[in-house]
$ cat target_4.tsv   # TSV, C-alpha atoms
chain	number	residue	atom	x	y	z
H	200	MET	CA	22.62	-41.89	-18.15
H	201	LEU	CA	20.76	-39.38	-20.33
H	202	LEU	CA	23.11	-36.49	-21.07
H	203	LEU	CA	23.08	-33.51	-23.36
H	204	PRO	CA	25.21	-34.97	-26.25
H	205	VAL	CA	27.77	-32.20	-26.34
H	206	ILE	CA	28.68	-32.81	-22.73
H	207	VAL	CA	29.75	-36.38	-23.42
H	208	LEU	CA	32.28	-34.97	-25.88
H	209	ALA	CA	33.22	-31.89	-23.93
H	210	ALA	CA	33.85	-33.82	-20.73
H	211	GLN	CA	36.96	-35.26	-22.35
H	212	PHE	CA	38.54	-31.84	-22.27
H	213	SER	CA	39.52	-29.48	-19.54
H	214	GLY	CA	39.81	-25.75	-19.27
H	215	VAL	CA	36.58	-24.93	-21.13
H	216	PHE	CA	36.30	-21.84	-18.99
H	217	SER	CA	37.51	-20.84	-15.57
H	218	LEU	CA	36.04	-19.41	-12.42
H	219	PRO	CA	35.24	-15.71	-12.63
H	220	LEU	CA	37.44	-14.99	-9.68
H	221	GLU	CA	40.63	-16.21	-8.14
H	222	ALA	CA	40.31	-18.20	-4.95
H	223	ARG	CA	41.18	-16.13	-1.95
H	224	HIS	CA	43.11	-18.06	0.65
H	225	ARG	CA	43.57	-16.37	3.95
H	226	ALA	CA	45.39	-17.87	6.86
H	227	PHE	CA	44.00	-17.27	10.30
H	228	ASN	CA	46.80	-15.69	12.31
H	229	ALA	CA	47.04	-16.70	15.93
H	230	VAL	CA	46.16	-13.85	18.23
H	231	LYS	CA	47.36	-15.27	21.48
H	232	ASN	CA	50.58	-14.33	23.25
H	233	ALA	CA	53.63	-15.91	21.66
H	234	SER	CA	55.11	-16.74	25.04
H	235	LYS	CA	52.56	-19.50	25.60
H	236	THR	CA	53.59	-23.14	25.28
H	237	THR	CA	51.55	-24.96	22.60
H	238	ALA	CA	50.61	-28.62	22.90
H	239	SER	CA	48.10	-30.90	21.18
H	240	SER	CA	45.53	-32.82	23.17
H	241	ALA	CA	43.52	-35.64	21.65
H	242	ALA	CA	42.44	-37.57	24.76
H	243	VAL	CA	42.76	-37.55	28.50
H	244	SER	CA	45.60	-40.04	28.43
H	245	SER	CA	47.72	-37.79	26.21
H	246	ALA	CA	46.51	-34.29	27.02
H	247	THR	CA	47.50	-33.76	30.64
H	248	ALA	CA	48.65	-30.17	31.05
H	249	THR	CA	51.50	-30.78	33.45
H	250	PRO	CA	53.07	-27.54	34.74
H	251	ALA	CA	56.43	-27.07	33.07
H	252	ASN	CA	57.83	-24.31	35.23
H	253	ALA	CA	56.96	-22.34	38.32
H	254	GLU	CA	53.53	-21.19	39.44
H	255	GLY	CA	52.15	-18.49	37.14
H	256	ASP	CA	53.25	-20.14	33.90
H	257	GLU	CA	50.74	-20.26	31.05
H	258	LEU	CA	49.94	-23.27	28.89
H	259	GLU	CA	48.02	-23.45	25.59
H	260	LEU	CA	46.31	-26.63	24.35
H	261	THR	CA	44.50	-27.38	21.12
H	262	ALA	CA	41.49	-29.66	21.50
H	263	THR	CA	38.61	-31.19	19.56
H	264	PHE	CA	34.91	-31.10	20.33
H	265	GLY	CA	33.58	-34.08	22.22
H	266	THR	CA	37.01	-35.25	23.39
H	267	PRO	CA	37.93	-34.97	27.09
H	268	VAL	CA	40.97	-32.81	27.83
H	269	ALA	CA	42.99	-33.34	31.01
H	270	LEU	CA	43.86	-30.09	32.78
H	271	GLY	CA	46.76	-30.01	35.19
H	272	GLY	CA	46.53	-28.29	38.56
H	273	GLY	CA	49.23	-26.27	40.29
H	274	ASP	CA	47.47	-22.98	39.45
H	275	VAL	CA	48.92	-23.01	35.95
H	276	LYS	CA	46.70	-20.97	33.63
H	277	THR	CA	45.62	-23.16	30.70
H	278	ASP	CA	44.02	-21.90	27.51
H	279	VAL	CA	42.16	-24.57	25.54
H	280	LEU	CA	41.41	-23.66	21.90
H	281	PHE	CA	38.94	-25.54	19.73
H	282	PRO	CA	38.75	-25.92	15.92
H	283	LYS	CA	38.02	-22.80	13.92
H	284	GLY	CA	34.37	-22.36	13.07
H	285	VAL	CA	32.13	-19.94	11.21
H	286	ILE	CA	33.31	-16.84	13.09
H	287	GLY	CA	36.64	-17.93	14.56
H	288	ILE	CA	37.77	-19.94	17.57
H	289	PHE	CA	36.02	-20.91	20.80
H	290	GLU	CA	38.34	-20.87	23.82
H	291	VAL	CA	38.13	-21.94	27.45
H	292	GLU	CA	40.54	-20.54	30.06
H	293	PHE	CA	41.13	-22.59	33.23
H	294	GLN	CA	43.30	-22.14	36.30
H	295	ASP	CA	43.12	-23.97	39.63
H	296	LYS	CA	45.30	-25.71	42.18
H	297	ASN	CA	43.52	-29.00	41.43
H	298	ALA	CA	43.56	-30.97	38.19
H	299	ASN	CA	40.31	-31.42	36.26
H	300	THR	CA	38.93	-32.78	32.98
H	301	LEU	CA	37.22	-30.58	30.40
H	302	THR	CA	34.85	-31.67	27.64
H	303	VAL	CA	33.26	-29.25	25.16
H	304	THR	CA	30.62	-30.28	22.62
H	305	GLU	CA	29.29	-28.19	19.75
H	306	ASN	CA	25.53	-27.71	19.38
H	307	LYS	CA	24.53	-26.82	15.81
H	308	THR	CA	20.82	-26.54	16.66
H	309	PRO	CA	20.77	-24.31	19.74
H	310	GLY	CA	17.83	-22.79	21.61
H	311	THR	CA	16.54	-19.22	21.39
H	312	ALA	CA	18.70	-16.09	21.33
H	313	PRO	CA	18.14	-13.46	24.03
H	314	ALA	CA	15.50	-10.83	23.28
H	315	GLY	CA	17.00	-8.09	21.11
H	316	PHE	CA	19.93	-10.26	20.03
H	317	ALA	CA	20.80	-12.57	17.13
H	318	PHE	CA	23.24	-15.48	17.01
H	319	LEU	CA	26.62	-14.29	15.73
H	320	ASP	CA	27.90	-17.87	15.68
H	321	PRO	CA	25.14	-20.31	14.60
H	322	SER	CA	26.66	-22.94	16.92
H	323	THR	CA	26.78	-22.92	20.71
H	324	TYR	CA	29.14	-24.78	23.03
H	325	LYS	CA	28.42	-27.02	26.02
H	326	ILE	CA	31.09	-27.14	28.73
H	327	VAL	CA	31.49	-29.96	31.26
H	328	LEU	CA	34.10	-30.13	34.04
H	329	ASP	CA	34.25	-33.56	35.64
H	330	LYS	CA	35.21	-32.23	39.09
H	331	GLY	CA	32.96	-29.20	39.01
H	332	ALA	CA	33.70	-25.50	38.70
H	333	ASP	CA	33.26	-24.22	42.25
H	334	ASN	CA	35.89	-21.83	43.62
H	335	LEU	CA	38.32	-22.18	40.70
H	336	THR	CA	41.18	-19.70	40.59
H	337	LEU	CA	40.12	-18.57	37.09
H	338	GLN	CA	37.53	-19.63	34.54
H	339	LYS	CA	36.73	-17.82	31.28
H	340	VAL	CA	34.63	-18.36	28.17
H	341	ASP	CA	36.10	-16.63	25.09
H	342	PHE	CA	35.36	-16.17	21.40
H	343	ILE	CA	38.32	-15.17	19.19
H	344	PHE	CA	37.03	-13.63	15.97
H	345	ASP	CA	38.67	-13.85	12.55
H	346	PRO	CA	37.72	-10.52	10.92
H	347	THR	CA	38.85	-11.76	7.48
H	348	LEU	CA	35.94	-14.22	7.34
H	349	ALA	CA	33.02	-13.30	5.10
H	350	THR	CA	30.76	-14.19	8.02
H	351	LEU	CA	31.90	-11.09	9.89
H	352	LYS	CA	31.79	-8.65	6.97
H	353	ASP	CA	30.19	-5.37	8.14
H	354	VAL	CA	29.70	-6.78	11.66
H	355	ASP	CA	30.79	-4.62	14.60
H	356	ILE	CA	32.29	-7.42	16.68
H	357	SER	CA	33.01	-4.99	19.53
H	358	LYS	CA	29.29	-5.15	20.32
H	359	SER	CA	29.26	-8.94	20.63
H	360	ARG	CA	28.03	-10.44	23.89
H	361	VAL	CA	28.43	-13.88	25.48
H	362	GLY	CA	25.29	-15.57	26.77
H	363	LYS	CA	24.47	-18.72	28.74
H	364	LEU	CA	21.55	-21.08	28.15
H	365	CYS	CA	18.73	-21.13	30.69
H	366	THR	CA	17.69	-24.77	30.43
H	367	GLU	CA	14.24	-24.10	31.92
H	368	THR	CA	13.23	-21.76	29.08
H	369	ASN	CA	15.66	-23.00	26.39
H	370	THR	CA	16.64	-19.34	25.94
H	371	PHE	CA	20.09	-17.81	26.26
H	372	VAL	CA	20.64	-15.12	28.88
H	373	ILE	CA	23.00	-12.15	28.74
H	374	SER	CA	23.55	-10.72	32.19
H	375	GLU	CA	26.20	-9.10	34.37
H	376	ALA	CA	25.34	-11.80	36.89
H	377	LEU	CA	27.16	-14.31	34.68
H	378	GLY	CA	30.50	-12.56	35.18
H	379	GLU	CA	32.73	-9.79	33.93
H	380	GLU	CA	32.76	-9.33	30.16
H	381	GLU	CA	35.45	-7.57	28.14
H	382	PHE	CA	36.13	-7.00	24.45
H	383	GLU	CA	39.86	-7.07	23.68
H	384	ASP	CA	40.15	-4.99	20.53
H	385	ASP	CA	43.82	-5.81	19.91
H	386	GLU	CA	43.03	-9.54	19.92
H	387	ASN	CA	39.58	-9.44	18.28
H	388	GLU	CA	38.27	-11.33	21.27
H	389	VAL	CA	35.28	-11.17	23.59
H	390	THR	CA	35.99	-12.75	26.95
H	391	LEU	CA	33.71	-13.48	29.91
H	392	THR	CA	35.19	-14.24	33.32
H	393	VAL	CA	32.53	-16.46	34.85
H	394	LYS	CA	31.60	-17.82	38.24
H	395	ASN	CA	30.74	-21.24	36.81
H	396	MET	CA	31.69	-22.24	33.26
H	397	ILE	CA	29.62	-25.42	33.26
H	398	GLY	CA	26.70	-25.02	30.84
H	399	GLU	CA	25.99	-24.01	27.25
H	400	TRP	CA	27.41	-20.78	25.83
H	401	GLY	CA	26.84	-18.71	22.71
H	402	VAL	CA	27.93	-15.38	21.25
H	403	PHE	CA	25.39	-12.81	20.08
H	404	ILE	CA	25.06	-9.44	18.37
H	405	PRO	CA	22.32	-6.85	19.02
H	406	THR	CA	19.66	-7.08	16.32
H	407	ALA	CA	19.84	-3.30	15.97
H	408	ASP	CA	23.40	-3.74	14.69
H	409	VAL	CA	22.49	-6.37	12.11
H	410	THR	CA	22.35	-4.49	8.81
H	411	ASN	CA	19.40	-4.77	6.48
H	412	GLY	CA	18.84	-3.61	2.92
H	413	GLU	CA	16.36	-0.93	3.97
H	414	THR	CA	18.49	0.95	6.47
H	415	LYS	CA	22.17	0.52	5.63
H	416	GLU	CA	23.94	1.06	2.36
H	417	GLU	CA	26.53	-1.58	3.19
H	418	ALA	CA	23.93	-4.30	2.75
H	419	LYS	CA	24.04	-3.68	-0.99
H	420	ASP	CA	27.57	-5.05	-1.06
H	421	GLU	CA	28.12	-8.33	-2.83
H	422	THR	CA	30.94	-10.75	-2.12
H	423	GLU	CA	32.14	-13.57	-4.38
H	424	ILE	CA	33.78	-16.61	-2.82
H	425	ALA	CA	35.53	-19.48	-4.60
H	426	GLY	CA	33.88	-22.54	-3.08
H	427	GLU	CA	35.32	-26.01	-2.54
H	428	PHE	CA	33.23	-29.16	-2.63
H	429	ASP	CA	32.93	-31.12	0.64
H	430	LYS	CA	33.96	-28.07	2.67
H	431	ALA	CA	31.77	-25.81	4.80
H	432	ILE	CA	31.76	-22.28	3.37
H	433	ALA	CA	30.90	-19.56	5.88
H	434	THR	CA	28.34	-16.93	4.91
H	435	PRO	CA	27.98	-13.67	6.85
H	436	ALA	CA	25.27	-12.14	8.98
H	437	GLY	CA	23.79	-8.76	8.20
H	438	ASN	CA	22.07	-9.42	4.85
H	439	SER	CA	25.31	-9.10	2.93
H	440	LYS	CA	24.84	-11.00	-0.34
H	441	THR	CA	27.39	-13.77	-0.83
H	442	ASP	CA	27.90	-15.66	-4.10
H	443	ILE	CA	29.73	-19.00	-3.75
H	444	LEU	CA	31.08	-20.23	-7.09
H	445	PHE	CA	32.30	-23.80	-7.43
H	446	THR	CA	34.79	-25.42	-9.80
H	447	ALA	CA	33.74	-25.30	-13.45
H	448	SER	CA	33.19	-28.35	-15.63
H	449	ALA	CA	32.68	-28.63	-19.38
H	450	ALA	CA	28.99	-27.85	-18.85
H	451	GLY	CA	29.35	-24.89	-16.53
H	452	LEU	CA	29.58	-24.08	-12.84
H	453	LEU	CA	27.31	-24.20	-9.82
H	454	GLU	CA	26.70	-21.03	-7.85
H	455	VAL	CA	24.98	-20.74	-4.46
H	456	GLU	CA	23.69	-17.32	-3.38
H	457	VAL	CA	23.02	-16.46	0.27
H	458	ASN	CA	21.62	-13.20	1.62
H	459	ALA	CA	20.75	-13.85	5.26
H	460	THR	CA	20.18	-12.07	8.54
H	461	LEU	CA	22.27	-14.56	10.53
H	462	ALA	CA	25.58	-16.23	9.85
H	463	ASN	CA	25.50	-19.69	8.31
H	464	ALA	CA	27.70	-22.20	6.50
H	465	VAL	CA	27.03	-24.01	3.21
H	466	THR	CA	28.45	-27.40	2.20
H	467	VAL	CA	28.11	-28.85	-1.31
H	468	LYS	CA	28.86	-32.44	-2.23
H	469	VAL	CA	28.97	-33.83	-5.77
H	470	ASN	CA	26.92	-36.92	-6.62
H	471	LYS	CA	28.46	-38.65	-9.64
H	472	THR	CA	25.81	-41.39	-9.77
H	473	PRO	CA	22.44	-39.62	-9.50
H	474	VAL	CA	19.05	-41.16	-10.19
H	475	ALA	CA	17.71	-40.85	-13.74
H	476	PRO	CA	16.46	-37.46	-14.93
H	477	PRO	CA	12.69	-36.92	-15.24
H	478	LYS	CA	10.99	-38.39	-18.31
H	479	GLY	CA	11.66	-36.21	-21.34
H	480	PHE	CA	14.67	-34.45	-19.81
H	481	LEU	CA	18.45	-34.67	-20.13
H	482	PHE	CA	21.13	-33.85	-17.61
H	483	VAL	CA	23.07	-30.78	-18.74
H	484	ASP	CA	25.66	-31.49	-16.06
H	485	PRO	CA	26.21	-35.24	-15.54
H	486	VAL	CA	26.60	-34.76	-11.78
H	487	THR	CA	24.13	-33.45	-9.24
H	488	TYR	CA	24.79	-31.29	-6.19
H	489	GLN	CA	23.87	-32.11	-2.61
H	490	ILE	CA	23.62	-28.89	-0.59
H	491	SER	CA	23.39	-28.65	3.19
H	492	THR	CA	23.47	-25.69	5.58
H	493	ALA	CA	24.63	-25.50	9.19
H	494	SER	CA	21.38	-23.85	10.28
H	495	ALA	CA	17.94	-23.35	8.81
H	496	THR	CA	17.08	-20.64	6.30
H	497	GLY	CA	15.40	-17.65	7.93
H	498	ALA	CA	11.94	-16.50	6.85
H	499	ASN	CA	13.32	-13.28	5.36
H	500	ASP	CA	16.51	-14.74	3.90
H	501	VAL	CA	17.05	-14.92	0.13
H	502	VAL	CA	18.85	-18.06	-1.08
H	503	LYS	CA	19.39	-19.26	-4.63
H	504	VAL	CA	20.71	-22.24	-6.59
H	505	ASP	CA	22.26	-20.98	-9.85
H	506	TYR	CA	24.04	-22.53	-12.79
H	507	ILE	CA	26.24	-20.57	-15.22
H	508	PHE	CA	26.35	-22.65	-18.39
H	509	SER	CA	29.27	-22.82	-20.81
H	510	ALA	CA	29.54	-21.74	-24.43
H	511	ALA	CA	29.49	-25.43	-25.35
H	512	VAL	CA	26.03	-25.81	-23.82
H	513	LEU	CA	24.87	-22.61	-25.52
H	514	ALA	CA	25.88	-24.10	-28.88
H	515	ALA	CA	24.25	-27.47	-28.21
H	516	ALA	CA	20.78	-26.60	-26.93
H	517	ASP	CA	18.02	-24.05	-26.69
H	518	VAL	CA	19.19	-22.76	-23.32
H	519	LYS	CA	15.98	-20.80	-22.76
H	520	GLN	CA	14.40	-24.14	-21.86
H	521	GLY	CA	16.91	-25.11	-19.18
H	522	VAL	CA	15.64	-25.85	-15.67
H	523	ILE	CA	16.96	-26.65	-12.20
H	524	GLY	CA	15.35	-29.60	-10.46
H	525	LYS	CA	15.32	-30.87	-6.86
H	526	LEU	CA	15.25	-34.51	-5.82
H	527	ASP	CA	12.06	-35.58	-4.06
H	528	THR	CA	13.31	-38.17	-1.57
H	529	ALA	CA	9.84	-39.70	-1.25
H	530	THR	CA	9.59	-40.61	-4.95
H	531	ASN	CA	13.32	-40.57	-5.73
H	532	GLN	CA	12.63	-38.36	-8.74
H	533	PHE	CA	13.69	-34.83	-9.63
H	534	ILE	CA	10.97	-32.17	-9.54
H	535	VAL	CA	11.31	-29.41	-12.14
H	536	ASP	CA	8.11	-27.43	-11.54
H	537	PRO	CA	9.00	-24.22	-9.61
H	538	ALA	CA	5.43	-24.01	-8.26
H	539	VAL	CA	5.75	-27.42	-6.62
H	540	LEU	CA	9.14	-26.41	-5.22
H	541	LYS	CA	7.68	-23.08	-4.03
H	542	ALA	CA	10.52	-21.48	-5.96
H	543	GLU	CA	11.02	-18.82	-8.61
H	544	PHE	CA	12.98	-19.65	-11.75
H	545	GLU	CA	14.67	-17.10	-14.00
H	546	PHE	CA	16.74	-17.35	-17.17
H	547	GLU	CA	19.37	-14.59	-17.26
H	548	GLU	CA	20.35	-14.51	-20.91
H	549	ASP	CA	22.93	-11.76	-20.53
H	550	GLU	CA	24.82	-13.81	-17.93
H	551	ASN	CA	24.35	-17.30	-19.44
H	552	GLU	CA	22.73	-18.31	-16.18
H	553	TRP	CA	19.78	-20.24	-14.82
H	554	THR	CA	18.77	-19.15	-11.31
H	555	LEU	CA	16.27	-20.64	-8.88
H	556	THR	CA	15.23	-18.70	-5.77
H	557	VAL	CA	14.27	-21.34	-3.22
H	558	PRO	CA	12.83	-21.43	0.32
H	559	ASP	CA	15.52	-23.87	1.47
H	560	LEU	CA	18.93	-24.75	0.01
H	561	ASN	CA	19.05	-28.18	1.62
H	562	GLY	CA	18.63	-31.04	-0.83
H	563	GLU	CA	19.98	-32.51	-4.07
H	564	TRP	CA	19.86	-30.35	-7.18
H	565	ALA	CA	20.17	-31.21	-10.90
H	566	ILE	CA	20.71	-29.09	-14.01
H	567	LEU	CA	18.30	-30.28	-16.71
H	568	ILE	CA	16.94	-29.46	-20.15
H	569	PRO	CA	14.08	-31.01	-22.17
H	570	GLN	CA	15.23	-33.54	-24.75
H	571	ALA	CA	13.39	-31.52	-27.37
H	572	ALA	CA	15.60	-28.52	-26.58
H	573	ALA	CA	18.76	-30.32	-27.67
H	574	LEU	CA	19.73	-29.21	-31.17
H	575	LYS	CA	19.19	-31.86	-33.86
H	576	SER	CA	22.73	-31.37	-35.13
H	577	PRO	CA	24.87	-30.04	-32.28
H	578	THR	CA	27.73	-27.83	-33.25
H	579	ALA	CA	30.96	-29.81	-33.43
H	580	LEU	CA	33.21	-28.62	-30.64
H	581	THR	CA	36.92	-28.03	-30.87
H	582	LEU	CA	37.92	-27.49	-27.29
$ encode --input "target_4.tsv" --output "structure tokens"
Amino acid sequence: MLLLPVIVLAAQFSGVFSLPLEARHRAFNAVKNASKTTASSAAVSSATATPANAEGDELELTATFGTPVALGGGDVKTDVLFPKGVIGIFEVEFQDKNANTLTVTENKTPGTAPAGFAFLDPSTYKIVLDKGADNLTLQKVDFIFDPTLATLKDVDISKSRVGKLCTETNTFVISEALGEEEFEDDENEVTLTVKNMIGEWGVFIPTADVTNGETKEEAKDETEIAGEFDKAIATPAGNSKTDILFTASAAGLLEVEVNATLANAVTVKVNKTPVAPPKGFLFVDPVTYQISTASATGANDVVKVDYIFSAAVLAAADVKQGVIGKLDTATNQFIVDPAVLKAEFEFEEDENEWTLTVPDLNGEWAILIPQAAALKSPTALTL
């Protein structure tokens, strides 16, 4: 593999420099009543919600998407909570005298939002009840928000609305005809008591309440997040700029910038065995970065792939010639021409940073420099 020479040496050491921020770990506190009984449900055979006490008891189950959950009858109210997502937790409430089986699947490429609304959660959720949903004692579709998430920064969640997909138009509908909606401020939850829960559901925010850089000062805010490889990192709605900084190596650290109208999530994987660099180039960082997003980049969104290089790289090469390339899957070669990538490249000397504004984050990215830019006699490093 063709590498900038100093990196071969520097990679033997650790602690060249650290992230510019400490990772912030926040636990999502449960917001449901502590008197509920909690049980895990992985499949129908092991998830039957059998009433434990008298009529009127309440049962809580944790479930996974795509896995059937057995619901006991006896008019025992059962709350089924699904894995935490970009904005929080999706919940289904069920109560009936007859047992039933619930299956919820997540749709990461949903239809169209209602007119005047934007997706608050980029995913939507399809509910199936094997024995139907007619004349149930109670049926609710809920979204429990986690206000600590960057996704919800500057979002007035009290204005969120639950909508149901009209399959004929592939557009979600928000209407009083769907049921009675309530926002529970003390639980950060929007809940819709419905007449029939079967169908696809999403949560939305009025577009008038989505901030933009021209009308609201808050949009100028900038948030830094310590990213983890192989983990989806939520980014907020409302054009609030988010910088995701990943673990540093001897060469430097990858940064992903997102400034988007709608919420999204970014996942970065490291490729330790990339294809060869383009002819005449060296890898600055011996690994490449495979970036994927939960939903597509909007037309007015600003997204960037950045690399903050280390002092070791600064000493070993003419950093003004550094570039960021993207793998062309058709030719299996990295492209370094910003015009071909429809991107804008910038060298930020004061920040030791290369930055590439791109139309789409999705793809594999490499940090490169021309062979001619490597110093003839690199500075010996004592790290």
$ closest_residue --input "target_4.tsv" --among "H:Glu379, H:Ile288, H:Thr311, H:Thr460" --to "Thr366 (chain H)" --atoms "all atoms listed in the file"
H:Thr311
$ closest_residue --input "target_4.tsv" --among "H:Lys471, H:Ser509, H:Phe403, H:Val501" --to "Ala447 (chain H)" --atoms "all atoms listed in the file"
H:Ser509
$ closest_residue --input "target_4.tsv" --among "H:Gln294, H:Asn499, H:Gln570, H:Asn299" --to "Ala516 (chain H)" --atoms "only C-alpha atoms"
H:Gln570
$ closest_residue --input "target_4.tsv" --among "H:Pro321, H:Pro405, H:Gly287, H:Gly451" --to "Ala511 (chain H)" --atoms "all atoms listed in the file"
H:Gly451
$ atom_distance --input "target_4.tsv" --atom1 "CA of Pro473 (chain H)" --atom2 "CA of Ile568 (chain H)"
15.7 Å
$ residues_around --input "target_4.tsv" --residues "region 546-561 of chain H" --least-positions-apart "3" --cutoff "8 Å" --atoms "all atoms listed in the file" --output "PyMOL selection string"
chain H and resi 489-492+495-496+501-509+519+521-523+540-543
$ write_last_selection --input "target_4.tsv" --atoms "C-alpha atoms" --output "PDB file, in the coordinates of the input"
ATOM      1  CA  GLN H 489      23.870 -32.110  -2.610  1.00  0.00           C
ATOM      2  CA  ILE H 490      23.620 -28.890  -0.590  1.00  0.00           C
ATOM      3  CA  SER H 491      23.390 -28.650   3.190  1.00  0.00           C
ATOM      4  CA  THR H 492      23.470 -25.690   5.580  1.00  0.00           C
ATOM      5  CA  ALA H 495      17.940 -23.350   8.810  1.00  0.00           C
ATOM      6  CA  THR H 496      17.080 -20.640   6.300  1.00  0.00           C
ATOM      7  CA  VAL H 501      17.050 -14.920   0.130  1.00  0.00           C
ATOM      8  CA  VAL H 502      18.850 -18.060  -1.080  1.00  0.00           C
ATOM      9  CA  LYS H 503      19.390 -19.260  -4.630  1.00  0.00           C
ATOM     10  CA  VAL H 504      20.710 -22.240  -6.590  1.00  0.00           C
ATOM     11  CA  ASP H 505      22.260 -20.980  -9.850  1.00  0.00           C
ATOM     12  CA  TYR H 506      24.040 -22.530 -12.790  1.00  0.00           C
ATOM     13  CA  ILE H 507      26.240 -20.570 -15.220  1.00  0.00           C
ATOM     14  CA  PHE H 508      26.350 -22.650 -18.390  1.00  0.00           C
ATOM     15  CA  SER H 509      29.270 -22.820 -20.810  1.00  0.00           C
ATOM     16  CA  LYS H 519      15.980 -20.800 -22.760  1.00  0.00           C
ATOM     17  CA  GLY H 521      16.910 -25.110 -19.180  1.00  0.00           C
ATOM     18  CA  VAL H 522      15.640 -25.850 -15.670  1.00  0.00           C
ATOM     19  CA  ILE H 523      16.960 -26.650 -12.200  1.00  0.00           C
ATOM     20  CA  LEU H 540       9.140 -26.410  -5.220  1.00  0.00           C
ATOM     21  CA  LYS H 541       7.680 -23.080  -4.030  1.00  0.00           C
ATOM     22  CA  ALA H 542      10.520 -21.480  -5.960  1.00  0.00           C
ATOM     23  CA  GLU H 543      11.020 -18.820  -8.610  1.00  0.00           C
TER      24      GLU H 543
END
$ atom_distance --input "target_4.tsv" --atom1 "CA of Gly479 (chain H)" --atom2 "CA of Leu453 (chain H)"
22.8 Å
$ residues_around --input "target_4.tsv" --residues "Glu381 (chain H)" --least-positions-apart "4" --cutoff "10 Å" --atoms "only C-alpha atoms" --output "ChimeraX atom specification"
/H:341,357,359-361,388-392
$ atom_distance --input "target_4.tsv" --atom1 "CA of Thr487 (chain H)" --atom2 "CA of Leu348 (chain H)"
28.0 Å
$ closest_residue --input "target_4.tsv" --among "H:Ala464, H:Leu513, H:Ala314, H:Leu337" --to "Asp295 (chain H)" --atoms "only C-alpha atoms"
H:Leu337
$ closest_residue --input "target_4.tsv" --among "H:Leu481, H:Ile286, H:Ile432, H:Ala459" --to "Pro346 (chain H)" --atoms "all atoms listed in the file"
H:Ile286
$ residues_around --input "target_4.tsv" --residues "Ile424 (chain H)" --least-positions-apart "2" --cutoff "7 Å" --atoms "only C-alpha atoms" --output "count of residues only"
5
$ residues_around --input "target_4.tsv" --residues "Asn531 (chain H)" --least-positions-apart "4" --cutoff "12 Å" --atoms "only C-alpha atoms" --output "PyMOL selection string"
chain H and resi 473-477+525-527+562-563
$ closest_atom_pairs --input "target_4.tsv" --of "region 303-417 of chain H" --to "region 263-278 of chain H" --cutoff "7 Å" --atoms "only C-alpha atoms" --output "CSV"
residue,atom,partner,partner_atom,distance
H:Val303,CA,H:Phe264,CA,5.4
H:Thr304,CA,H:Gly265,CA,4.8
H:Glu305,CA,H:Phe264,CA,6.4
$ residues_near_point --input "target_4.tsv" --point "(34.7, -2.3, 22.2)" --cutoff "7 Å" --atoms "all atoms listed in the file" --output "list in words"
Ser357, Lys358, Phe382 and Asp384 of chain H
$ residues_around --input "target_4.tsv" --residues "Ala332 (chain H)" --least-positions-apart "6" --cutoff "8 Å" --atoms "all atoms listed in the file" --output "VMD selection string"
chain H and resid 394 to 397
$ write_last_selection --input "target_4.tsv" --atoms "C-alpha atoms" --output "CSV table (one decimal), in the coordinates of the input"
chain,number,residue,atom,x,y,z
H,394,LYS,CA,31.6,-17.8,38.2
H,395,ASN,CA,30.7,-21.2,36.8
H,396,MET,CA,31.7,-22.2,33.3
H,397,ILE,CA,29.6,-25.4,33.3
